[in-house]
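For reference, protein-v4.cif (mmCIF, C-alpha atoms and all ligand atoms):
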data_work
loop_
_atom_site.label_atom_id
_atom_site.label_comp_id
_atom_site.auth_asym_id
_atom_site.auth_seq_id
_atom_site.Cartn_x
_atom_site.Cartn_y
_atom_site.Cartn_z
CA MET J 1 33.60 10.20 -28.85
CA HIS J 2 33.26 6.48 -29.36
CA GLN J 3 33.27 4.97 -32.82
CA ALA J 4 34.16 1.38 -33.64
CA PRO J 5 32.36 -1.45 -31.85
CA SER J 6 34.58 -3.13 -29.27
CA TYR J 7 34.15 -6.60 -30.75
CA LEU J 8 36.41 -5.69 -33.68
CA ALA J 9 39.44 -5.66 -31.38
CA LEU J 10 38.40 -9.00 -29.89
CA ALA J 11 38.02 -10.47 -33.36
CA ARG J 12 41.48 -9.27 -34.39
CA SER J 13 43.12 -10.76 -31.29
CA GLY J 14 41.38 -14.12 -31.69
CA ASP J 15 39.53 -13.67 -28.40
CA LEU J 16 36.17 -13.61 -30.10
CA ALA J 17 36.70 -17.17 -31.34
CA ARG J 18 37.70 -18.23 -27.82
CA ARG J 19 34.53 -16.66 -26.42
CA VAL J 20 32.49 -18.67 -28.93
CA GLU J 21 34.10 -21.86 -27.61
CA GLN J 22 33.55 -20.87 -23.98
CA LEU J 23 29.93 -19.96 -24.56
CA ASN J 24 29.12 -23.03 -26.63
CA SER J 25 30.52 -25.23 -23.87
CA LEU J 26 27.65 -23.98 -21.67
CA LEU J 27 25.12 -25.61 -23.98
CA SER J 28 25.98 -29.23 -23.21
CA SER J 29 24.46 -28.93 -19.72
CA CYS J 30 22.75 -25.62 -20.13
CA THR J 31 23.77 -22.83 -17.79
CA VAL J 32 23.27 -20.07 -20.32
CA CYS J 33 20.79 -18.28 -18.09
CA PRO J 34 20.17 -18.37 -14.32
CA HIS J 35 17.60 -21.15 -14.59
CA ASP J 36 20.55 -23.57 -14.95
CA CYS J 37 18.33 -26.24 -16.51
CA GLY J 38 21.22 -28.61 -17.26
CA ASN J 39 19.75 -29.95 -20.51
CA ASN J 40 21.97 -30.87 -23.44
CA ARG J 41 21.09 -28.27 -26.04
CA LEU J 42 23.85 -29.49 -28.35
CA ASP J 43 21.67 -32.58 -28.64
CA ASP J 44 18.59 -30.41 -29.02
CA GLU J 45 17.20 -31.25 -25.60
CA ILE J 46 14.60 -28.64 -24.75
CA ALA J 47 13.97 -27.10 -21.34
CA ARG J 48 12.39 -23.99 -19.96
CA CYS J 49 13.15 -21.64 -22.87
CA TYR J 50 12.11 -24.18 -25.52
CA THR J 51 15.25 -23.43 -27.50
CA GLY J 52 17.74 -26.08 -28.54
CA ARG J 53 20.97 -25.82 -30.49
CA LEU J 54 19.71 -23.31 -33.02
CA PRO J 55 18.39 -19.82 -32.34
CA ILE J 56 14.84 -18.85 -33.19
CA VAL J 57 14.44 -15.57 -35.06
CA SER J 58 10.80 -14.61 -34.95
CA SER J 59 11.20 -11.31 -36.74
CA TYR J 60 13.84 -8.79 -37.75
CA THR J 61 13.34 -5.26 -38.88
CA ALA J 62 14.54 -1.67 -38.73
CA HIS J 63 12.75 -0.47 -35.60
CA PHE J 64 11.96 3.16 -34.79
CA GLY J 65 10.31 2.73 -31.40
CA GLU J 66 13.39 2.56 -29.19
CA GLU J 67 14.91 5.50 -27.33
CA PRO J 68 15.72 8.52 -29.55
CA LEU J 69 19.49 8.30 -29.18
CA LEU J 70 19.37 4.71 -30.42
CA VAL J 71 16.90 5.18 -33.27
CA GLY J 72 18.43 8.11 -35.17
CA THR J 73 17.11 8.43 -38.69
CA ARG J 74 17.49 4.83 -39.86
CA GLY J 75 16.41 2.83 -36.85
CA VAL J 76 17.79 0.00 -34.76
CA GLY J 77 18.20 -3.26 -36.66
CA ASN J 78 16.22 -5.36 -34.21
CA ILE J 79 16.42 -9.13 -34.18
CA PHE J 80 13.56 -10.58 -32.11
CA PHE J 81 14.54 -13.95 -30.71
CA GLY J 82 11.67 -16.35 -30.21
CA ASN J 83 10.76 -17.87 -26.83
CA CYS J 84 12.04 -16.54 -23.54
CA ASN J 85 13.37 -17.51 -20.15
CA LEU J 86 10.56 -15.59 -18.38
CA ARG J 87 6.79 -16.11 -18.52
CA CYS J 88 5.39 -12.64 -18.01
CA ALA J 89 1.61 -12.78 -17.82
CA TYR J 90 1.42 -9.39 -19.55
CA CYS J 91 4.17 -9.89 -22.14
CA GLN J 92 3.56 -7.54 -25.03
CA ASN J 93 5.52 -9.84 -27.31
CA HIS J 94 3.73 -12.99 -26.10
CA GLN J 95 2.99 -14.10 -29.66
CA ILE J 96 6.68 -14.86 -30.07
CA SER J 97 7.85 -15.28 -26.48
CA GLN J 98 5.30 -17.82 -25.25
CA ASN J 99 4.12 -19.65 -28.32
CA HIS J 100 6.91 -22.16 -28.44
CA ARG J 101 5.42 -24.73 -30.80
CA VAL J 102 4.94 -22.14 -33.52
CA GLU J 103 8.21 -20.38 -32.86
CA ARG J 104 10.29 -23.55 -33.24
CA GLN J 105 9.36 -23.31 -36.92
CA HIS J 106 11.43 -20.15 -37.07
CA GLU J 107 14.73 -21.73 -36.10
CA VAL J 108 17.59 -20.45 -38.21
CA THR J 109 21.12 -21.66 -38.70
CA ILE J 110 24.01 -19.76 -37.18
CA GLU J 111 25.05 -18.73 -40.71
CA ARG J 112 21.58 -17.36 -41.40
CA LEU J 113 21.68 -15.34 -38.18
CA ALA J 114 24.98 -13.86 -39.36
CA GLN J 115 23.36 -12.99 -42.69
CA ILE J 116 20.47 -11.28 -40.91
CA MET J 117 22.93 -9.06 -39.03
CA LEU J 118 24.60 -8.14 -42.31
CA GLU J 119 21.27 -7.56 -44.01
CA LEU J 120 20.24 -5.09 -41.31
CA GLN J 121 23.58 -3.32 -41.77
CA ASP J 122 22.99 -3.18 -45.54
CA ARG J 123 19.58 -1.63 -44.89
CA GLY J 124 21.37 1.23 -43.15
CA CYS J 125 20.40 0.51 -39.54
CA HIS J 126 22.56 2.28 -36.96
CA SER J 127 23.03 -0.76 -34.74
CA ILE J 128 22.00 -4.37 -34.19
CA GLY J 129 19.39 -4.73 -31.44
CA LEU J 130 19.35 -8.19 -29.87
CA VAL J 131 15.86 -8.48 -28.37
CA SER J 132 15.35 -11.19 -25.71
CA PRO J 133 18.85 -12.59 -26.19
CA SER J 134 19.46 -14.18 -22.77
CA HIS J 135 18.81 -17.80 -23.80
CA VAL J 136 20.72 -17.62 -27.10
CA VAL J 137 23.93 -15.81 -26.21
CA PRO J 138 26.23 -18.60 -27.51
CA GLN J 139 24.44 -18.67 -30.85
CA ILE J 140 24.56 -14.88 -31.14
CA VAL J 141 28.29 -14.68 -30.52
CA GLU J 142 28.97 -17.55 -32.92
CA ALA J 143 26.98 -15.74 -35.60
CA LEU J 144 28.71 -12.48 -34.75
CA GLU J 145 32.10 -14.00 -35.42
CA ILE J 146 30.98 -15.03 -38.91
CA ALA J 147 29.34 -11.66 -39.56
CA VAL J 148 32.46 -9.75 -38.49
CA ARG J 149 34.51 -11.72 -41.01
CA GLU J 150 31.93 -10.70 -43.63
CA GLY J 151 32.13 -7.02 -42.72
CA LEU J 152 29.75 -6.33 -39.82
CA ARG J 153 30.67 -3.03 -38.16
CA LEU J 154 27.55 -2.03 -36.19
CA PRO J 155 27.42 -1.84 -32.39
CA LEU J 156 25.37 -4.45 -30.57
CA ILE J 157 22.51 -3.48 -28.26
CA TYR J 158 21.71 -6.18 -25.70
CA ASN J 159 17.99 -5.64 -25.06
CA THR J 160 17.19 -7.97 -22.18
CA ASN J 161 14.71 -8.76 -19.40
CA ALA J 162 17.85 -8.79 -17.15
CA PHE J 163 17.33 -12.39 -16.04
CA ASP J 164 20.89 -12.97 -17.16
CA SER J 165 23.75 -15.01 -15.80
CA VAL J 166 26.61 -12.84 -14.56
CA ASP J 167 29.10 -15.45 -15.77
CA VAL J 168 27.64 -15.25 -19.27
CA LEU J 169 27.60 -11.47 -19.17
CA ARG J 170 31.31 -11.52 -18.29
CA LEU J 171 31.88 -13.40 -21.53
CA LEU J 172 30.11 -10.55 -23.33
CA ALA J 173 32.54 -7.93 -22.02
CA GLY J 174 34.06 -6.21 -25.03
CA ILE J 175 31.39 -7.70 -27.32
CA VAL J 176 28.32 -5.75 -26.26
CA ASP J 177 28.69 -1.97 -26.24
CA VAL J 178 25.17 -0.95 -25.29
CA TYR J 179 23.18 -2.70 -22.58
CA LEU J 180 19.43 -2.07 -22.50
CA PRO J 181 18.07 -4.10 -19.57
CA ASP J 182 14.63 -4.02 -18.01
CA LEU J 183 14.33 -3.73 -14.28
CA LYS J 184 10.91 -5.32 -13.89
CA TYR J 185 10.29 -5.92 -10.20
CA ALA J 186 11.56 -5.09 -6.74
CA ASP J 187 9.63 -7.86 -5.01
CA ALA J 188 10.54 -11.51 -5.58
CA ASP J 189 7.04 -12.81 -4.76
CA LEU J 190 5.41 -10.53 -7.31
CA ALA J 191 8.01 -11.56 -9.90
CA TYR J 192 7.09 -15.16 -9.26
CA GLU J 193 3.37 -14.45 -9.42
CA TYR J 194 3.46 -12.49 -12.68
CA SER J 195 6.56 -13.79 -14.50
CA SER J 196 6.96 -17.28 -13.00
CA VAL J 197 10.55 -16.66 -12.05
CA ARG J 198 12.28 -16.95 -8.72
CA GLU J 199 14.68 -14.37 -7.30
CA TYR J 200 14.22 -11.89 -10.13
CA PRO J 201 15.20 -8.77 -8.15
CA ARG J 202 18.48 -10.24 -6.90
CA ILE J 203 19.43 -11.77 -10.24
CA ALA J 204 18.47 -8.73 -12.33
CA ARG J 205 20.29 -6.36 -9.99
CA GLU J 206 23.45 -8.45 -10.08
CA ALA J 207 23.23 -8.58 -13.87
CA ILE J 208 22.81 -4.82 -14.13
CA VAL J 209 25.76 -4.20 -11.82
CA GLU J 210 27.89 -6.34 -14.15
CA MET J 211 26.62 -4.44 -17.21
CA HIS J 212 27.48 -1.17 -15.49
CA ARG J 213 30.94 -2.50 -14.62
CA GLN J 214 31.57 -3.20 -18.30
CA VAL J 215 30.27 -0.08 -19.99
CA GLY J 216 29.99 2.49 -17.20
CA GLY J 217 27.23 4.89 -16.32
CA THR J 218 27.84 7.54 -18.97
CA LEU J 219 26.51 7.23 -22.49
CA MET J 220 29.21 7.56 -25.14
CA LEU J 221 28.03 8.98 -28.43
CA GLY J 222 29.33 8.33 -31.92
CA PRO J 223 29.97 10.93 -34.63
CA ASP J 224 26.30 10.68 -35.64
CA GLY J 225 25.24 11.67 -32.12
CA LEU J 226 23.83 8.23 -31.34
CA VAL J 227 24.71 6.02 -28.40
CA ARG J 228 27.70 3.81 -29.10
CA ARG J 229 28.44 2.58 -25.61
CA GLY J 230 26.64 2.62 -22.30
CA LEU J 231 23.80 1.41 -20.13
CA ILE J 232 20.13 2.40 -20.36
CA ILE J 233 17.86 0.85 -17.74
CA ARG J 234 14.23 0.48 -18.73
CA HIS J 235 11.51 0.44 -16.13
CA LEU J 236 7.93 -0.31 -17.13
CA VAL J 237 5.44 1.13 -14.66
CA LEU J 238 2.75 -1.45 -13.87
CA PRO J 239 -0.70 -0.90 -12.34
CA ASN J 240 -1.01 -1.10 -8.55
CA ASP J 241 2.75 -0.66 -8.20
CA ILE J 242 3.40 -4.29 -9.09
CA ALA J 243 6.74 -3.19 -10.57
CA GLY J 244 7.85 -1.67 -7.26
CA SER J 245 8.93 1.44 -9.13
CA LYS J 246 10.22 3.51 -6.24
CA ALA J 247 12.17 0.63 -4.72
CA SER J 248 13.75 -0.20 -8.08
CA LEU J 249 14.72 3.37 -8.87
CA HIS J 250 16.03 3.90 -5.35
CA TRP J 251 18.20 0.82 -5.77
CA VAL J 252 19.60 2.12 -9.08
CA ALA J 253 20.46 5.51 -7.61
CA ASP J 254 22.00 3.93 -4.55
CA ALA J 255 23.96 1.14 -6.25
CA LEU J 256 25.00 2.81 -9.50
CA GLY J 257 24.56 6.51 -8.82
CA PRO J 258 21.82 8.94 -9.87
CA GLY J 259 23.55 9.69 -13.17
CA VAL J 260 22.61 6.36 -14.73
CA THR J 261 20.30 6.67 -17.73
CA ILE J 262 16.71 5.62 -17.07
CA SER J 263 14.04 5.00 -19.66
CA LEU J 264 10.70 5.17 -17.90
CA MET J 265 7.89 3.43 -19.74
CA ALA J 266 4.15 4.01 -19.61
CA GLN J 267 3.17 1.71 -22.44
CA TYR J 268 1.69 -1.10 -20.33
CA PHE J 269 -1.62 -2.46 -21.55
CA PRO J 270 -3.30 -5.66 -20.36
CA THR J 271 -2.59 -8.28 -22.93
CA HIS J 272 -2.00 -12.04 -22.97
CA LEU J 273 -3.05 -13.45 -19.54
CA ALA J 274 -3.17 -10.08 -17.81
CA ALA J 275 -6.64 -9.12 -18.96
CA SER J 276 -8.11 -11.66 -16.54
CA MET J 277 -5.82 -10.79 -13.61
CA PRO J 278 -7.49 -8.33 -11.23
CA LEU J 279 -4.42 -6.21 -10.48
CA LEU J 280 -3.13 -6.14 -14.07
CA SER J 281 -6.35 -5.78 -16.02
CA ARG J 282 -6.10 -2.04 -16.67
CA THR J 283 -3.59 0.45 -18.01
CA ILE J 284 -1.75 2.62 -15.52
CA ARG J 285 -3.36 5.78 -14.19
CA GLN J 286 -1.86 9.17 -14.81
CA GLY J 287 -1.36 9.69 -11.07
CA GLU J 288 0.57 6.42 -10.80
CA TYR J 289 2.90 7.52 -13.57
CA GLU J 290 3.35 11.04 -12.25
CA ARG J 291 4.30 9.76 -8.82
CA VAL J 292 7.14 7.77 -10.38
CA LEU J 293 8.26 10.79 -12.41
CA GLU J 294 8.29 12.89 -9.25
CA TYR J 295 10.32 10.25 -7.47
CA LEU J 296 12.93 10.39 -10.23
CA ASP J 297 13.23 14.08 -9.54
CA THR J 298 13.50 13.43 -5.82
CA LEU J 299 16.42 11.12 -6.54
CA SER J 300 17.97 13.73 -8.90
CA MET J 301 17.94 11.13 -11.66
CA ASP J 302 18.19 13.56 -14.54
CA ASN J 303 19.41 11.39 -17.41
CA GLY J 304 17.10 9.59 -19.74
CA TRP J 305 13.62 9.59 -21.15
CA ALA J 306 10.06 9.13 -20.04
CA GLN J 307 7.44 7.79 -22.40
CA GLU J 308 4.45 9.94 -23.10
CA PHE J 309 1.68 8.84 -20.71
CA ALA J 310 -0.64 7.90 -23.57
CA SER J 311 1.88 5.54 -25.18
CA HIS J 312 -0.21 2.52 -24.18
CA GLU J 313 -2.64 3.64 -26.86
CA TYR J 314 -0.11 3.14 -29.65
CA TYR J 315 2.18 0.36 -28.55
CA ARG J 316 0.53 -2.78 -29.91
CA PRO J 317 3.03 -5.03 -31.68
CA GLU J 318 1.49 -7.57 -34.02
CA PHE J 319 3.88 -10.40 -34.75
CA GLU J 320 1.50 -11.97 -37.24
CA ARG J 321 3.13 -9.34 -39.47
CA ARG J 322 6.56 -10.91 -39.14
CA ASP J 323 8.31 -8.36 -41.35
CA ALA J 324 6.77 -5.29 -39.76
CA PRO J 325 5.33 -6.08 -36.33
CA PHE J 326 5.25 -2.46 -35.20
CA THR J 327 3.42 -0.95 -38.13
CA GLY J 328 -0.30 -0.55 -37.89
CA GLY J 329 0.04 1.00 -41.31
CA ALA J 330 2.86 2.06 -43.58
CA ASP J 331 2.93 5.56 -42.14
CA ASN J 332 2.70 4.56 -38.50
CA GLU J 333 6.17 3.28 -37.77
CA ASN J 334 7.19 6.13 -35.51
CA ALA J 335 3.99 6.08 -33.49
CA CYS J 336 4.54 2.81 -31.67
CA CYS J 337 6.54 4.01 -28.73
CA ILE J 338 7.09 7.69 -28.17
CA HIS J 339 9.74 8.81 -25.72
CA GLU J 340 9.91 12.35 -24.44
CA PRO J 341 12.85 13.66 -22.48
CA HIS J 342 11.94 13.82 -18.83
CA PRO J 343 10.68 17.38 -18.18
CA ALA J 344 13.45 18.06 -15.71
CA ARG J 345 16.08 16.68 -18.00
CA ASN J 346 15.84 18.61 -21.25
CA GLU J 347 18.95 20.60 -20.63
CA SER J 348 20.80 18.48 -18.17
CA SER J 349 20.83 15.05 -19.73
CA GLY J 350 24.37 15.43 -21.06
CA HIS J 351 23.37 13.15 -23.91
S1 LIG C 401 18.92 -20.80 -21.53
FE1 LIG C 401 17.06 -22.08 -21.58
S2 LIG C 401 17.71 -24.19 -21.27
FE2 LIG C 401 19.42 -22.85 -20.68
S3 LIG C 401 19.25 -22.54 -18.48
FE3 LIG C 401 18.11 -20.85 -19.44
S4 LIG C 401 15.99 -21.52 -19.68
FE4 LIG C 401 17.24 -23.33 -19.25
#
Exercise: express the given structure as structure tokens:
Amino acid sequence: MHQAPSYLALARSGDLARRVEQLNSLLSSCTVCPHDCGNNRLDDEIARCYTGRLPIVSSYTAHFGEEPLLVGTRGVGNIFFGNCNLRCAYCQNHQISQNHRVERQHEVTIERLAQIMLELQDRGCHSIGLVSPSHVVPQIVEALEIAVREGLRLPLIYNTNAFDSVDVLRLLAGIVDVYLPDLKYADADLAYEYSSVREYPRIAREAIVEMHRQVGGTLMLGPDGLVRRGLIIRHLVLPNDIAGSKASLHWVADALGPGVTISLMAQYFPTHLAASMPLLSRTIRQGEYERVLEYLDTLSMDNGWAQEFASHEYYRPEFERRDAPFTGGADNENACCIHEPHPARNESSGH
């Protein structure tokens, strides 16, 4: 059983402060993510992620749509960082990820980010979920150090598109306890076509290998039965196999072992630019989803969850409601993203 977040030990030893220095040094010629833009963010020079010295917090809330062993009864305290280092044509959070002029208005100080973490803890959330954190890792860790001094004790969930720098991830070892990466594509050309990013499969796979090295392939649960340490790989099935689902899952089983936890997602719906793209302009078909589920069984990948096929009907975040982007109504908070255990996994998940 795993209880206290690892960063407490780093804070006590003084290593957390040293990590802040190391990470902040990456901002002067930015190499925080694999784009390696080289802009001076300490001087507020903007590059591909449209984020300067300060982080952008587009929304924060107790969120009940994540995987069941993260959500518990009081939700994940999600902090949604504005802007992104990818440009996914179908991004379901495009209102905050690709609307950079508006989002710059939501810059917060490092101290305010620390307060937000503490506020989510005070609300009773089980953990802090860092959503789209890849371009603001230095700011997050700087805020964390302040928040720990003020009493933060919740584990951190690093909820990422996986376009992460391995060097930066190494500086998160012992800080992040739960990694929640996407594995979006298996084909670099499709990643470029639909997310405007080069070499996504190689970079994401290397990032996930590093995450696995840090936290292992087995989920560790706390006394409340919720995940306190581990790796959960999310894979969103896209129409016309644009996500390369079988190739991605085969890679996971081969590189990390079939016991790794997979969260298979069916929630895709054509939003943002995707509605006008021929291969992305529809939701997935039931047969497409079932073929991926069957392939998981073929690989004996028994740990994790699969979203209900109809989840694309509910999952419609609305970030115009900054305080409650996932609520279509006050009573609808749990309906945004339903995860069912994979049929073959009810008894064998070991969770
Ligand atoms: S974090 Fe932003 S500025 Fe830095 S390398 Fe990545 S995209 Fe470029």
Please, which residues have at least one atom within 7 Å of an atom of ligand LIG 401 (chain C), using all atoms listed in the file, listed as number ranges by chain?
J: 30-39, 46-51, 85, 134-136
Can you spit out the residues from that selection as a PDB file, in the frame of the given file, using C-alpha atoms?
ATOM      1  CA  CYS J  30      22.750 -25.620 -20.130  1.00  0.00           C
ATOM      2  CA  THR J  31      23.770 -22.830 -17.790  1.00  0.00           C
ATOM      3  CA  VAL J  32      23.270 -20.070 -20.320  1.00  0.00           C
ATOM      4  CA  CYS J  33      20.790 -18.280 -18.090  1.00  0.00           C
ATOM      5  CA  PRO J  34      20.170 -18.370 -14.320  1.00  0.00           C
ATOM      6  CA  HIS J  35      17.600 -21.150 -14.590  1.00  0.00           C
ATOM      7  CA  ASP J  36      20.550 -23.570 -14.950  1.00  0.00           C
ATOM      8  CA  CYS J  37      18.330 -26.240 -16.510  1.00  0.00           C
ATOM      9  CA  GLY J  38      21.220 -28.610 -17.260  1.00  0.00           C
ATOM     10  CA  ASN J  39      19.750 -29.950 -20.510  1.00  0.00           C
ATOM     11  CA  ILE J  46      14.600 -28.640 -24.750  1.00  0.00           C
ATOM     12  CA  ALA J  47      13.970 -27.100 -21.340  1.00  0.00           C
ATOM     13  CA  ARG J  48      12.390 -23.990 -19.960  1.00  0.00           C
ATOM     14  CA  CYS J  49      13.150 -21.640 -22.870  1.00  0.00           C
ATOM     15  CA  TYR J  50      12.110 -24.180 -25.520  1.00  0.00           C
ATOM     16  CA  THR J  51      15.250 -23.430 -27.500  1.00  0.00           C
ATOM     17  CA  ASN J  85      13.370 -17.510 -20.150  1.00  0.00           C
ATOM     18  CA  SER J 134      19.460 -14.180 -22.770  1.00  0.00           C
ATOM     19  CA  HIS J 135      18.810 -17.800 -23.800  1.00  0.00           C
ATOM     20  CA  VAL J 136      20.720 -17.620 -27.100  1.00  0.00           C
TER      21      VAL J 136
END
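For the pair CA of Glu308 in chain J and CA of Gly230 in chain J, the separation is 23.4 Å.
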Can you tell me, as a PyMOL selection string, which residues sit within 6 Å of (8.6, -15.4, -27.5) in the file's frame, using only C-alpha atoms?
chain J and resi 82-84+94+96-98
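Taking CA of Leu54 in chain J as the reference point, CA of His100 in chain J is found at 13.6 Å.
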I need the residue nearest Arg291 in chain J from this list: J:Leu23, J:Val237, J:Ala310, J:Ile128. Use only C-alpha atoms for the distance.
J:Val237
Which of these residues is nearest to Gly151 in chain J, using only C-alpha atoms: J:Pro325, J:Leu8, J:Tyr60, J:Ala186?
J:Leu8
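Atom to atom, CA of Asn93 in chain J and CA of Glu313 in chain J stand 15.8 Å apart.
Distance check against Val76 in chain J using only C-alpha atoms: of J:Gln3, J:Asn159, J:Gln139, J:Ser28, the minimum falls on J:Asn159.
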Is it possible to get the axis-aligned box enclosing range 10-27 of chain J (all listed atoms, 3 Å extra per side) as JSON, with centre and edge lengths in Å rounded to one decimal?
{"center_x": 34.1, "center_y": -17.3, "center_z": -28.0, "size_x": 24.0, "size_y": 22.6, "size_z": 18.7}
Pick out the closest residue to Thr261 in chain J from this set: J:Glu119, J:Glu294, J:Glu67, J:Glu206. Count all atoms listed in the file.
J:Glu67
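Residues lying within 12 Å of Asp224 in chain J, counting all atoms listed in the file and ignoring same-chain neighbours fewer than 6 positions away, are Met1, His2, Gln3, Leu69, Leu70, Val71, Gly72, Thr73, Arg74, His126 and Ser127 of chain J.
Distances to Glu210 in chain J were evaluated for J:Leu190, J:Leu293, J:Leu264, J:Val168 using all atoms listed in the file, and the minimum falls at J:Val168.
Nearest residue to Glu21 in chain J among J:Leu273, J:Ala89, J:Leu221, J:Val137 is J:Val137, counting all atoms listed in the file.
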Just want the 12 Å neighbourhood of range 9-13 of chain J, counted on all atoms listed in the file, with same-chain residues fewer than 6 positions away dropped. Output as a ChimeraX atom specification.
/J:19-20,141-142,144-153,171-176
Kindly export the residues of the current selection with C-alpha atoms, as an mmCIF file, in the frame of the given file.
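Resulting contents of again.cif:
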data_model
loop_
_atom_site.group_PDB
_atom_site.id
_atom_site.type_symbol
_atom_site.label_atom_id
_atom_site.label_comp_id
_atom_site.auth_asym_id
_atom_site.auth_seq_id
_atom_site.Cartn_x
_atom_site.Cartn_y
_atom_site.Cartn_z
ATOM 1 C CA ARG J 19 34.530 -16.660 -26.420
ATOM 2 C CA VAL J 20 32.490 -18.670 -28.930
ATOM 3 C CA VAL J 141 28.290 -14.680 -30.520
ATOM 4 C CA GLU J 142 28.970 -17.550 -32.920
ATOM 5 C CA LEU J 144 28.710 -12.480 -34.750
ATOM 6 C CA GLU J 145 32.100 -14.000 -35.420
ATOM 7 C CA ILE J 146 30.980 -15.030 -38.910
ATOM 8 C CA ALA J 147 29.340 -11.660 -39.560
ATOM 9 C CA VAL J 148 32.460 -9.750 -38.490
ATOM 10 C CA ARG J 149 34.510 -11.720 -41.010
ATOM 11 C CA GLU J 150 31.930 -10.700 -43.630
ATOM 12 C CA GLY J 151 32.130 -7.020 -42.720
ATOM 13 C CA LEU J 152 29.750 -6.330 -39.820
ATOM 14 C CA ARG J 153 30.670 -3.030 -38.160
ATOM 15 C CA LEU J 171 31.880 -13.400 -21.530
ATOM 16 C CA LEU J 172 30.110 -10.550 -23.330
ATOM 17 C CA ALA J 173 32.540 -7.930 -22.020
ATOM 18 C CA GLY J 174 34.060 -6.210 -25.030
ATOM 19 C CA ILE J 175 31.390 -7.700 -27.320
ATOM 20 C CA VAL J 176 28.320 -5.750 -26.260
#
Set the distance at 10 Å and use all atoms listed in the file: which residues neighbour Ser245 in chain J once local chain neighbours fewer than 4 positions away are removed? I'd like the list as a list in words.
Leu183, Lys184, Tyr185, Ala186, His235, Leu236, Val237, Leu238, Asp241, Leu249, His250, Trp251, Leu264, Glu288, Tyr289, Arg291, Val292, Leu293, Tyr295 and Leu296 of chain J
Got a sec: who's within 12 Å of Ala275 in chain J, counting only C-alpha atoms, leaving out chain neighbours fewer than 6 positions off, as a list in words?
Ala89, Tyr90, Cys91, Gln92, Tyr268, Phe269, Ser281, Arg282 and Thr283 of chain J
Show me, as a ChimeraX atom specification, the residues that have an atom within 9 Å of Val131 in chain J when counting all atoms listed in the file, minus same-chain residues fewer than 6 positions from it.
/J:78-81,157-160
For a quick check of your reading of the model, name the residues lying within 7 Å of the coordinate (27.5, -0.7, -27.6), counting all atoms listed in the file, and write them as an MDAnalysis selection string.
chainID J and resid 5 155:157 176:179 228:230
